[in-house]
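Have a look at start33.csv; it's CSV, C-alpha atoms:
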```csv
chain,number,residue,atom,x,y,z
K,1,MET,CA,0.0,0.0,0.0
K,2,ARG,CA,1.6,3.1,-1.2
K,3,LYS,CA,0.3,6.5,0.0
K,4,LYS,CA,1.0,9.9,-1.3
K,5,THR,CA,4.3,11.3,-0.1
K,6,LEU,CA,4.6,14.4,2.1
K,7,THR,CA,8.0,15.8,1.4
K,8,SER,CA,8.1,18.1,4.3
K,9,ALA,CA,7.5,15.4,6.8
K,10,ALA,CA,9.6,12.8,5.1
K,11,ALA,CA,12.9,13.6,6.8
K,12,LEU,CA,11.4,13.6,10.2
K,13,ALA,CA,9.4,10.4,9.7
K,14,THR,CA,12.4,8.7,8.1
K,15,THR,CA,14.4,9.3,11.3
K,16,ALA,CA,11.6,7.8,13.3
K,17,VAL,CA,11.5,4.8,11.0
K,18,LEU,CA,15.2,4.2,11.3
K,19,ALA,CA,15.0,4.5,15.1
K,20,LEU,CA,12.1,2.1,15.2
K,21,THR,CA,13.4,-0.5,12.8
K,22,ALA,CA,16.4,-1.1,15.0
K,23,CYS,CA,14.3,-2.5,17.8
K,24,GLY,CA,11.3,-3.7,15.8
K,25,SER,CA,13.0,-6.0,13.3
K,26,GLY,CA,13.8,-9.0,15.4
K,27,ASP,CA,11.2,-8.7,18.2
K,28,ASP,CA,8.0,-10.6,18.5
K,29,PRO,CA,5.4,-8.4,16.8
K,30,ALA,CA,3.0,-8.4,19.8
K,31,LYS,CA,3.7,-4.8,20.7
K,32,PRO,CA,2.3,-1.7,18.9
K,33,LEU,CA,4.2,-2.1,15.6
K,34,ALA,CA,1.2,-0.7,13.9
K,35,GLU,CA,2.6,2.8,14.5
K,36,VAL,CA,5.7,1.8,12.6
K,37,SER,CA,3.8,1.0,9.5
K,38,VAL,CA,2.2,4.4,9.7
K,39,GLN,CA,5.6,6.0,9.8
K,40,GLN,CA,6.7,4.0,6.8
K,41,THR,CA,4.2,5.6,4.5
K,42,ALA,CA,6.1,8.9,4.6
K,43,LYS,CA,9.0,8.7,2.2
K,44,ALA,CA,11.9,10.7,0.9
K,45,ALA,CA,10.8,10.5,-2.7
K,46,THR,CA,8.1,12.7,-4.2
K,47,VAL,CA,6.5,10.6,-6.9
K,48,LEU,CA,5.5,12.8,-9.9
K,49,ASP,CA,2.0,12.4,-11.2
K,50,GLN,CA,3.3,13.7,-14.6
K,51,PRO,CA,6.8,12.4,-15.1
K,52,PHE,CA,9.3,14.6,-16.9
K,53,LYS,CA,10.7,13.6,-20.3
K,54,LYS,CA,14.5,13.5,-20.3
K,55,PRO,CA,16.0,16.9,-20.9
K,56,ASP,CA,17.8,17.6,-24.1
K,57,LEU,CA,21.3,18.2,-22.8
K,58,VAL,CA,24.3,17.9,-25.0
K,59,LEU,CA,27.3,19.0,-23.0
K,60,LYS,CA,31.0,18.2,-22.2
K,61,ASP,CA,32.0,15.5,-19.8
K,62,THR,CA,34.9,15.6,-17.4
K,63,LYS,CA,37.3,14.6,-20.2
K,64,GLY,CA,36.0,17.4,-22.4
K,65,GLN,CA,34.2,15.1,-24.7
K,66,SER,CA,30.7,15.5,-26.0
K,67,TYR,CA,28.0,13.9,-23.9
K,68,ASP,CA,24.4,13.5,-25.0
K,69,PHE,CA,22.4,12.9,-21.9
K,70,ARG,CA,19.4,11.3,-23.6
K,71,GLU,CA,21.5,9.0,-25.7
K,72,ARG,CA,24.0,8.0,-23.0
K,73,THR,CA,21.5,7.3,-20.2
K,74,LYS,CA,18.8,5.7,-22.4
K,75,GLY,CA,17.4,2.6,-20.6
K,76,LYS,CA,19.6,3.2,-17.6
K,77,PRO,CA,18.6,4.2,-14.0
K,78,THR,CA,19.8,7.7,-13.8
K,79,LEU,CA,20.0,10.5,-11.2
K,80,ILE,CA,20.6,14.1,-12.2
K,81,TYR,CA,21.6,17.0,-10.0
K,82,PHE,CA,22.5,20.6,-10.9
K,83,GLY,CA,25.1,22.2,-8.7
K,84,TYR,CA,28.5,23.8,-8.6
K,85,THR,CA,31.9,22.9,-7.1
K,86,ASN,CA,32.4,26.2,-5.2
K,87,CYS,CA,29.4,25.1,-3.0
K,88,PRO,CA,30.6,24.3,0.5
K,89,ASP,CA,27.4,22.7,1.8
K,90,VAL,CA,24.5,21.3,-0.1
K,91,CYS,CA,26.3,20.1,-3.3
K,92,PRO,CA,29.0,18.0,-1.7
K,93,LEU,CA,26.3,16.8,0.8
K,94,THR,CA,24.0,15.6,-2.0
K,95,MET,CA,26.8,14.0,-4.0
K,96,SER,CA,28.2,12.3,-0.9
K,97,ASN,CA,24.9,10.9,0.2
K,98,ILE,CA,24.3,9.4,-3.2
K,99,ALA,CA,27.8,8.0,-3.3
K,100,ILE,CA,27.4,6.3,0.1
K,101,ALA,CA,24.0,4.9,-1.0
K,102,ARG,CA,25.5,3.6,-4.3
K,103,LYS,CA,28.2,1.7,-2.5
K,104,SER,CA,25.5,-0.2,-0.6
K,105,LEU,CA,24.3,-1.7,-3.9
K,106,PRO,CA,25.5,-5.0,-5.4
K,107,LYS,CA,28.3,-4.4,-7.9
K,108,ALA,CA,26.1,-5.1,-10.9
K,109,ASP,CA,23.6,-2.5,-9.8
K,110,GLN,CA,26.3,0.1,-9.0
K,111,ASP,CA,27.4,-0.3,-12.6
K,112,LYS,CA,23.9,0.3,-13.9
K,113,LEU,CA,23.3,3.5,-12.0
K,114,GLN,CA,24.2,6.7,-13.8
K,115,VAL,CA,24.7,9.7,-11.5
K,116,VAL,CA,25.0,12.9,-13.5
K,117,PHE,CA,26.1,16.2,-12.0
K,118,VAL,CA,25.5,19.2,-14.2
K,119,THR,CA,27.3,22.4,-13.2
K,120,THR,CA,25.3,25.6,-12.8
K,121,ASP,CA,28.5,27.6,-12.9
K,122,PRO,CA,30.2,26.5,-16.2
K,123,GLU,CA,32.5,29.5,-16.2
K,124,ARG,CA,34.4,28.3,-13.2
K,125,ASP,CA,33.5,24.6,-13.5
K,126,THR,CA,35.5,23.4,-16.4
K,127,SER,CA,35.8,19.8,-17.3
K,128,ALA,CA,39.1,19.7,-15.4
K,129,GLU,CA,37.5,21.2,-12.3
K,130,LEU,CA,34.7,18.7,-12.3
K,131,ALA,CA,37.1,15.9,-12.9
K,132,LYS,CA,38.9,17.0,-9.7
K,133,TRP,CA,35.9,17.7,-7.5
K,134,LEU,CA,33.5,14.9,-8.4
K,135,PRO,CA,35.5,11.9,-7.2
K,136,SER,CA,36.1,13.6,-3.9
K,137,ALA,CA,32.6,15.0,-3.4
K,138,GLY,CA,30.9,11.9,-4.7
K,139,ASP,CA,32.4,9.0,-6.6
K,140,PRO,CA,34.8,8.5,-9.6
K,141,SER,CA,31.9,6.9,-11.5
K,142,PHE,CA,29.8,10.1,-11.4
K,143,ILE,CA,29.4,11.9,-14.6
K,144,GLY,CA,30.2,15.6,-14.6
K,145,LEU,CA,28.9,17.9,-17.3
K,146,THR,CA,29.7,21.5,-18.2
K,147,GLY,CA,29.1,23.7,-21.2
K,148,ASP,CA,27.1,26.7,-22.3
K,149,PHE,CA,25.0,28.1,-19.5
K,150,ALA,CA,22.0,28.7,-21.7
K,151,THR,CA,21.9,25.0,-22.7
K,152,ILE,CA,22.2,24.0,-19.0
K,153,GLN,CA,19.5,26.3,-17.9
K,154,ALA,CA,17.2,25.2,-20.7
K,155,GLY,CA,17.8,21.5,-19.8
K,156,ALA,CA,17.1,22.2,-16.2
K,157,ARG,CA,13.9,24.0,-17.0
K,158,GLN,CA,12.7,20.9,-18.9
K,159,ILE,CA,12.6,19.0,-15.7
K,160,GLY,CA,11.2,21.8,-13.6
K,161,ILE,CA,14.5,23.0,-12.1
K,162,GLY,CA,15.1,26.8,-12.1
K,163,ILE,CA,18.6,28.0,-12.1
K,164,ASP,CA,20.0,31.5,-12.6
K,165,PRO,CA,23.4,32.3,-14.0
K,166,ALA,CA,26.2,33.0,-11.6
K,167,THR,CA,26.6,36.7,-10.9
K,168,LYS,CA,29.6,38.6,-9.8
K,169,GLU,CA,29.1,40.9,-6.8
K,170,LYS,CA,30.8,44.3,-6.4
K,171,ASP,CA,33.4,42.8,-4.1
K,172,GLY,CA,34.3,40.2,-6.8
K,173,SER,CA,32.7,37.3,-5.2
K,174,VAL,CA,30.5,35.0,-7.4
K,175,VAL,CA,27.0,34.0,-6.4
K,176,SER,CA,25.9,30.7,-7.9
K,177,MET,CA,23.0,28.5,-7.2
K,178,HIS,CA,22.3,24.8,-7.1
K,179,GLY,CA,19.1,23.0,-8.1
K,180,ALA,CA,16.5,22.3,-5.4
K,181,GLN,CA,16.1,18.6,-6.3
K,182,VAL,CA,17.7,15.4,-7.5
K,183,ILE,CA,15.6,13.8,-10.2
K,184,ALA,CA,15.5,10.0,-10.8
K,185,PHE,CA,14.8,8.6,-14.2
K,186,SER,CA,13.4,5.1,-14.7
K,187,PRO,CA,15.3,2.6,-16.8
K,188,LYS,CA,12.0,1.3,-18.1
K,189,THR,CA,10.3,4.5,-19.3
K,190,ASP,CA,13.3,6.9,-19.3
K,191,ALA,CA,11.0,9.4,-17.6
K,192,GLY,CA,12.0,11.5,-14.6
K,193,TYR,CA,9.5,10.1,-12.1
K,194,LEU,CA,10.9,10.8,-8.6
K,195,LEU,CA,12.1,14.0,-6.9
K,196,TYR,CA,14.4,14.1,-3.9
K,197,GLY,CA,14.9,17.3,-1.9
K,198,GLU,CA,18.1,18.3,-0.2
K,199,ASP,CA,17.0,16.8,3.1
K,200,THR,CA,17.3,13.3,1.6
K,201,THR,CA,19.8,11.2,3.5
K,202,ALA,CA,22.2,8.5,2.3
K,203,ASP,CA,19.9,6.0,4.0
K,204,ASP,CA,16.9,7.3,2.1
K,205,TYR,CA,18.8,6.9,-1.2
K,206,ALA,CA,20.1,3.5,-0.2
K,207,LYS,CA,16.5,2.3,0.5
K,208,ASP,CA,15.2,3.6,-2.8
K,209,LEU,CA,18.0,2.9,-5.3
K,210,PRO,CA,17.3,-0.8,-5.7
K,211,LYS,CA,13.8,0.1,-6.8
K,212,ILE,CA,15.0,2.9,-9.1
K,213,ILE,CA,17.4,0.5,-10.7
K,214,ARG,CA,14.4,-1.8,-11.5
K,215,GLY,CA,12.3,1.1,-12.6
K,216,GLU,CA,9.9,0.6,-9.6
K,217,THR,CA,8.3,3.3,-7.5
K,218,PRO,CA,9.7,3.3,-3.9
T,1,MET,CA,18.6,16.6,19.2
T,2,ASN,CA,22.3,17.2,19.9
T,3,ARG,CA,23.5,15.3,22.9
T,4,ARG,CA,26.8,17.1,23.1
T,5,ALA,CA,25.3,20.5,23.5
T,6,PRO,CA,26.0,20.9,27.2
T,7,LEU,CA,29.7,20.1,26.7
T,8,VAL,CA,30.2,22.5,23.8
T,9,LEU,CA,28.1,25.0,25.6
T,10,ALA,CA,30.4,24.7,28.6
T,11,VAL,CA,33.4,25.3,26.3
T,12,GLY,CA,31.7,28.3,24.9
T,13,LEU,CA,31.0,29.7,28.3
T,14,THR,CA,34.5,29.1,29.4
T,15,ALA,CA,35.7,31.0,26.4
T,16,VAL,CA,33.5,33.9,27.3
T,17,LEU,CA,34.8,33.9,30.9
T,18,ALA,CA,38.3,33.6,29.7
T,19,LEU,CA,38.0,36.4,27.2
T,20,ALA,CA,35.9,38.7,29.4
T,21,GLY,CA,39.0,39.9,31.1
T,22,CYS,CA,40.8,41.2,28.1
T,23,SER,CA,39.1,44.2,26.5
T,24,SER,CA,40.4,43.7,23.0
T,25,GLY,CA,37.1,44.2,21.2
T,26,SER,CA,36.7,47.5,19.6
T,27,SER,CA,32.9,47.5,19.9
T,28,ALA,CA,32.9,46.6,23.6
T,29,SER,CA,32.0,50.1,24.7
T,30,ALA,CA,28.4,49.9,23.8
T,31,SER,CA,27.7,46.8,25.8
T,32,ASN,CA,29.8,48.0,28.7
T,33,SER,CA,27.8,51.2,29.1
T,34,ALA,CA,24.6,49.2,28.9
T,35,SER,CA,25.7,46.8,31.5
T,36,ALA,CA,26.9,49.5,33.8
T,37,GLN,CA,23.3,50.7,34.4
T,38,GLY,CA,21.3,47.5,34.4
T,39,GLY,CA,21.6,43.9,35.5
T,40,SER,CA,23.1,41.1,33.4
T,41,SER,CA,19.9,40.8,31.4
T,42,GLU,CA,20.6,44.2,29.8
T,43,ARG,CA,23.4,42.7,27.8
T,44,PRO,CA,23.7,39.8,25.4
T,45,GLN,CA,24.6,36.5,27.1
T,46,LEU,CA,26.0,34.2,24.4
T,47,SER,CA,26.8,30.6,24.4
T,48,VAL,CA,27.8,28.3,21.5
T,49,SER,CA,26.7,24.8,21.0
T,50,GLY,CA,26.4,22.1,18.2
T,51,ALA,CA,29.6,23.2,16.5
T,52,TYR,CA,30.9,21.1,13.6
T,53,MET,CA,32.5,21.1,10.2
T,54,PRO,CA,31.6,18.5,7.6
T,55,GLU,CA,34.8,17.0,6.2
T,56,PRO,CA,35.5,19.2,3.2
T,57,VAL,CA,35.8,17.6,-0.3
T,58,SER,CA,37.9,20.4,-1.8
T,59,ASP,CA,39.7,23.5,-0.7
T,60,LEU,CA,36.6,25.1,0.7
T,61,ALA,CA,34.5,24.2,3.7
T,62,ALA,CA,31.5,25.1,5.7
T,63,GLY,CA,31.1,25.4,9.4
T,64,PHE,CA,28.0,25.3,11.6
T,65,VAL,CA,27.3,26.5,15.1
T,66,VAL,CA,24.3,27.4,17.2
T,67,ILE,CA,24.6,30.7,19.2
T,68,THR,CA,22.1,31.1,22.0
T,69,ASN,CA,21.5,34.5,23.6
T,70,LYS,CA,20.1,34.3,27.1
T,71,GLY,CA,20.5,38.0,27.6
T,72,GLY,CA,17.9,40.8,27.2
T,73,THR,CA,19.8,42.6,24.4
T,74,PRO,CA,20.3,41.4,20.8
T,75,ASP,CA,23.8,40.9,19.4
T,76,LYS,CA,25.2,40.3,16.0
T,77,LEU,CA,27.7,37.8,14.6
T,78,THR,CA,29.9,40.1,12.6
T,79,SER,CA,32.9,38.0,11.5
T,80,VAL,CA,34.8,34.7,12.0
T,81,THR,CA,38.5,34.3,12.0
T,82,GLY,CA,40.7,31.2,12.3
T,83,ASP,CA,44.0,29.5,11.3
T,84,LEU,CA,42.5,27.2,8.7
T,85,SER,CA,41.8,30.0,6.2
T,86,ASP,CA,42.5,33.7,5.7
T,87,ASP,CA,39.2,34.0,3.8
T,88,ILE,CA,36.4,33.2,6.2
T,89,THR,CA,32.9,34.7,5.5
T,90,ILE,CA,29.4,34.2,6.7
T,91,HIS,CA,26.7,33.2,4.2
T,92,LYS,CA,23.0,32.8,4.0
T,93,THR,CA,21.2,30.5,1.6
T,94,GLU,CA,18.0,31.6,0.0
T,95,ASN,CA,16.3,29.8,-2.8
T,96,GLN,CA,19.4,27.6,-3.4
T,97,LYS,CA,21.5,30.7,-3.7
T,98,MET,CA,24.3,31.4,-1.3
T,99,MET,CA,25.1,35.0,-0.4
T,100,GLU,CA,27.7,36.6,1.8
T,101,VAL,CA,26.2,38.7,4.6
T,102,THR,CA,27.9,41.3,6.8
T,103,SER,CA,26.3,40.0,10.0
T,104,PHE,CA,23.7,37.6,11.4
T,105,ASP,CA,21.3,38.8,14.1
T,106,ILE,CA,21.3,37.0,17.4
T,107,PRO,CA,18.0,38.0,19.0
T,108,ALA,CA,17.6,38.7,22.7
T,109,GLY,CA,16.4,35.5,24.3
T,110,GLY,CA,16.7,33.7,21.0
T,111,LYS,CA,19.3,32.0,18.9
T,112,LEU,CA,21.2,32.0,15.7
T,113,ASP,CA,21.0,28.6,14.1
T,114,LEU,CA,23.6,27.9,11.4
T,115,GLU,CA,22.6,24.6,9.8
T,116,ARG,CA,23.0,22.5,6.7
T,117,GLY,CA,21.1,23.9,3.8
T,118,GLY,CA,20.8,27.3,5.5
T,119,SER,CA,23.2,29.8,6.9
T,120,HIS,CA,26.9,28.8,7.3
T,121,ILE,CA,30.4,29.9,7.9
T,122,MET,CA,32.4,29.6,4.7
T,123,PHE,CA,36.1,28.8,4.6
T,124,MET,CA,37.8,29.5,1.3
T,125,ASP,CA,41.4,28.5,0.2
T,126,LEU,CA,41.9,26.1,3.0
T,127,LYS,CA,45.5,26.0,4.2
T,128,HIS,CA,45.0,22.3,4.7
T,129,ARG,CA,42.1,19.9,4.3
T,130,PRO,CA,41.0,18.8,7.7
T,131,ARG,CA,40.0,15.2,8.1
T,132,GLN,CA,37.2,13.6,10.2
T,133,GLY,CA,38.2,13.6,13.9
T,134,GLU,CA,40.3,16.7,13.7
T,135,LYS,CA,39.3,20.0,15.3
T,136,VAL,CA,39.2,23.4,13.7
T,137,ARG,CA,39.6,26.3,16.0
T,138,ILE,CA,37.8,29.5,15.1
T,139,GLU,CA,37.0,32.8,16.8
T,140,LEU,CA,33.5,34.3,16.5
T,141,HIS,CA,33.4,38.0,16.6
T,142,PHE,CA,30.3,39.9,17.7
T,143,GLU,CA,29.0,43.5,17.6
T,144,LYS,CA,28.8,43.7,21.5
T,145,THR,CA,30.1,40.6,23.1
T,146,ASP,CA,33.8,39.8,23.2
T,147,PRO,CA,35.1,37.2,20.8
T,148,ILE,CA,34.4,33.5,21.6
T,149,THR,CA,36.7,30.8,20.6
T,150,VAL,CA,35.1,27.6,19.4
T,151,GLU,CA,36.5,24.3,18.2
T,152,LEU,CA,34.6,22.7,15.3
T,153,PRO,CA,35.0,18.9,15.4
T,154,VAL,CA,35.3,17.7,11.8
T,155,LYS,CA,32.5,15.2,11.0
T,156,GLU,CA,31.8,13.0,8.0
T,157,THR,CA,30.9,14.9,4.8
T,158,THR,CA,27.2,13.9,5.1
T,159,TYR,CA,26.9,14.8,8.8
T,160,ASN,CA,23.6,16.6,9.6
T,161,PRO,CA,22.6,16.7,13.3
T,162,ALA,CA,19.1,17.8,12.3
T,163,GLN,CA,18.5,14.3,10.9
T,164,GLN,CA,20.1,12.2,13.7
```

Rewrite the coordinates I just gave you, this time as structure tokens.
Amino acid sequence: MRKKTLTSAAALATTAVLALTACGSGDDPAKPLAEVSVQQTAKAATVLDQPFKKPDLVLKDTKGQSYDFRERTKGKPTLIYFGYTNCPDVCPLTMSNIAIARKSLPKADQDKLQVVFVTTDPERDTSAELAKWLPSAGDPSFIGLTGDFATIQAGARQIGIGIDPATKEKDGSVVSMHGAQVIAFSPKTDAGYLLYGEDTTADDYAKDLPKIIRGETP
Amino acid sequence: MNRRAPLVLAVGLTAVLALAGCSSGSSASASNSASAQGGSSERPQLSVSGAYMPEPVSDLAAGFVVITNKGGTPDKLTSVTGDLSDDITIHKTENQKMMEVTSFDIPAGGKLDLERGGSHIMFMDLKHRPRQGEKVRIELHFEKTDPITVELPVKETTYNPAQQ
């Protein structure tokens, strides 16, 4: 029984679930485990009623070679995130959470999963910068894309993610932004069917990735 | 939430006590004159808890603290200094956009909560990349209160006390 997800409550409820599963898994289910099943209906993923078509993104990868997102991720379970490397908090947090979750998968599933990081600050995030940052923030298997900002912005918009170009302040500092969500694409339909907010933990991803890899709804 | 809070708080208070003696702060006069007339509730009473730094993945890092003000007067966090970097700034995050600010308000009887996804201390051009288990010493500077020295324990990159 799958209920509709409440994103705002998801993080809190997930914590409760984790705390409860520790003591509830082995015990005799005589005690009020009913409450646990209530908690489990709140999930990290927001399931989209109208899934997104894959964005038309042709950019450069970390080796500077052309990368066609639709073509290269066709039929593969894929996560996409828009961020930038001069981001001290949320971007490495997101990449790191996904990397940890990915490592919990069987090797064959790890190889199937495509994790794509698209820079929102292509001026500073060259292929070389992404090649340096991604293995450290996430995993060497992650795909880093850079290119023309207009292309990146248009691609992001196709999956409901609004990003503004980096702007330079009077003091010379650069203000960039990251996308609000990670979007998961199904290997079955190639549609973007799940949204994950920045509160999503490594445990949340670890729980959902096996389903994403099979194109199922968590 | 954060079980280590009392300990860190104690450290923070010790720092306040230790620093209260030396009047190095240039902005100390305002709070001094205020406290001369009234009781202790007339001035900010700051304590720091829940300090940490997620292990950085590059030569920039973020730091997080909670500053509680038990006093009857607001204060402001105006800057942060430390040995790890010569370029430490304070940032707020709004709509996935991170912006430098000149100060953060610490309301009377309230708190300033720097937390993941929100406001943070930003360290640029790290002199070395601290690893999990290390401690990073910083000094918090305020509009009224004397500086407070805090040690940020370096946690895993994904550490987020709001979710523990």

Practice item. Specify as an NGL selection string all residues of chain K found within 8 Å of chain T, counting all atoms listed in the file. Key: :K and (11-12 or 15 or 86 or 88-90 or 92-94 or 96-97 or 133 or 136-137 or 175-180 or 198 or 202)

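Note that the spacing between CA of Val66 in chain T and CA of Gly197 in chain K amounts to 23.6 Å.
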
Exercise for review: Go ahead and compute the interatomic distance for CA of Tyr81 in chain K and CA of Val118 in chain K, in Å to one decimal.
Suggested key: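 Interatomic distance, CA of Tyr81 in chain K to CA of Val118 in chain K: 6.1 Å.
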
**Study point:** Residue nearest Ile183 in chain K - candidates K:Thr146, K:Ser127, K:Thr78, K:Thr119, atoms counted: only C-alpha atoms
**Key:** K:Thr78

Exercise for review: Can you pull out every residue within 6 Å of range 154-165 of chain K, counting only C-alpha atoms, but drop anything in the same chain fewer than 5 positions away, and send it as number ranges by chain?
Suggested key: K: 52, 55-57

Next, dump the selected residues to file, keeping only C-alpha atoms, as an mmCIF file, keeping the file's coordinate frame.
```cif
data_model
loop_
_atom_site.group_PDB
_atom_site.id
_atom_site.type_symbol
_atom_site.label_atom_id
_atom_site.label_comp_id
_atom_site.auth_asym_id
_atom_site.auth_seq_id
_atom_site.Cartn_x
_atom_site.Cartn_y
_atom_site.Cartn_z
ATOM 1 C CA PHE K 52 9.300 14.600 -16.900
ATOM 2 C CA PRO K 55 16.000 16.900 -20.900
ATOM 3 C CA ASP K 56 17.800 17.600 -24.100
ATOM 4 C CA LEU K 57 21.300 18.200 -22.800
#
```

Check your understanding: Restricting the calculation to only C-alpha atoms, which member of T:Ile90, T:Ile106, T:Val80, T:Leu114 is positioned closest to Gly50 in chain T?
Key ->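 Looking at the shortest contact to Gly50 in chain T, the residue is T:Leu114.
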
Practice item. Kindly give the distance, in Å, that separates CA of Thr46 in chain K and CA of Asp199 in chain K, rounded to a single decimal. Key: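 These atoms are spaced 12.2 Å apart.
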
Point to revise | Residue among K:Lys211, K:Asp121, K:Pro51, K:Pro218 lying closest to Lys168 in chain K, counting only C-alpha atoms | key: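 Ranking K:Lys211, K:Asp121, K:Pro51, K:Pro218 by distance to Lys168 in chain K, first place goes to K:Asp121.
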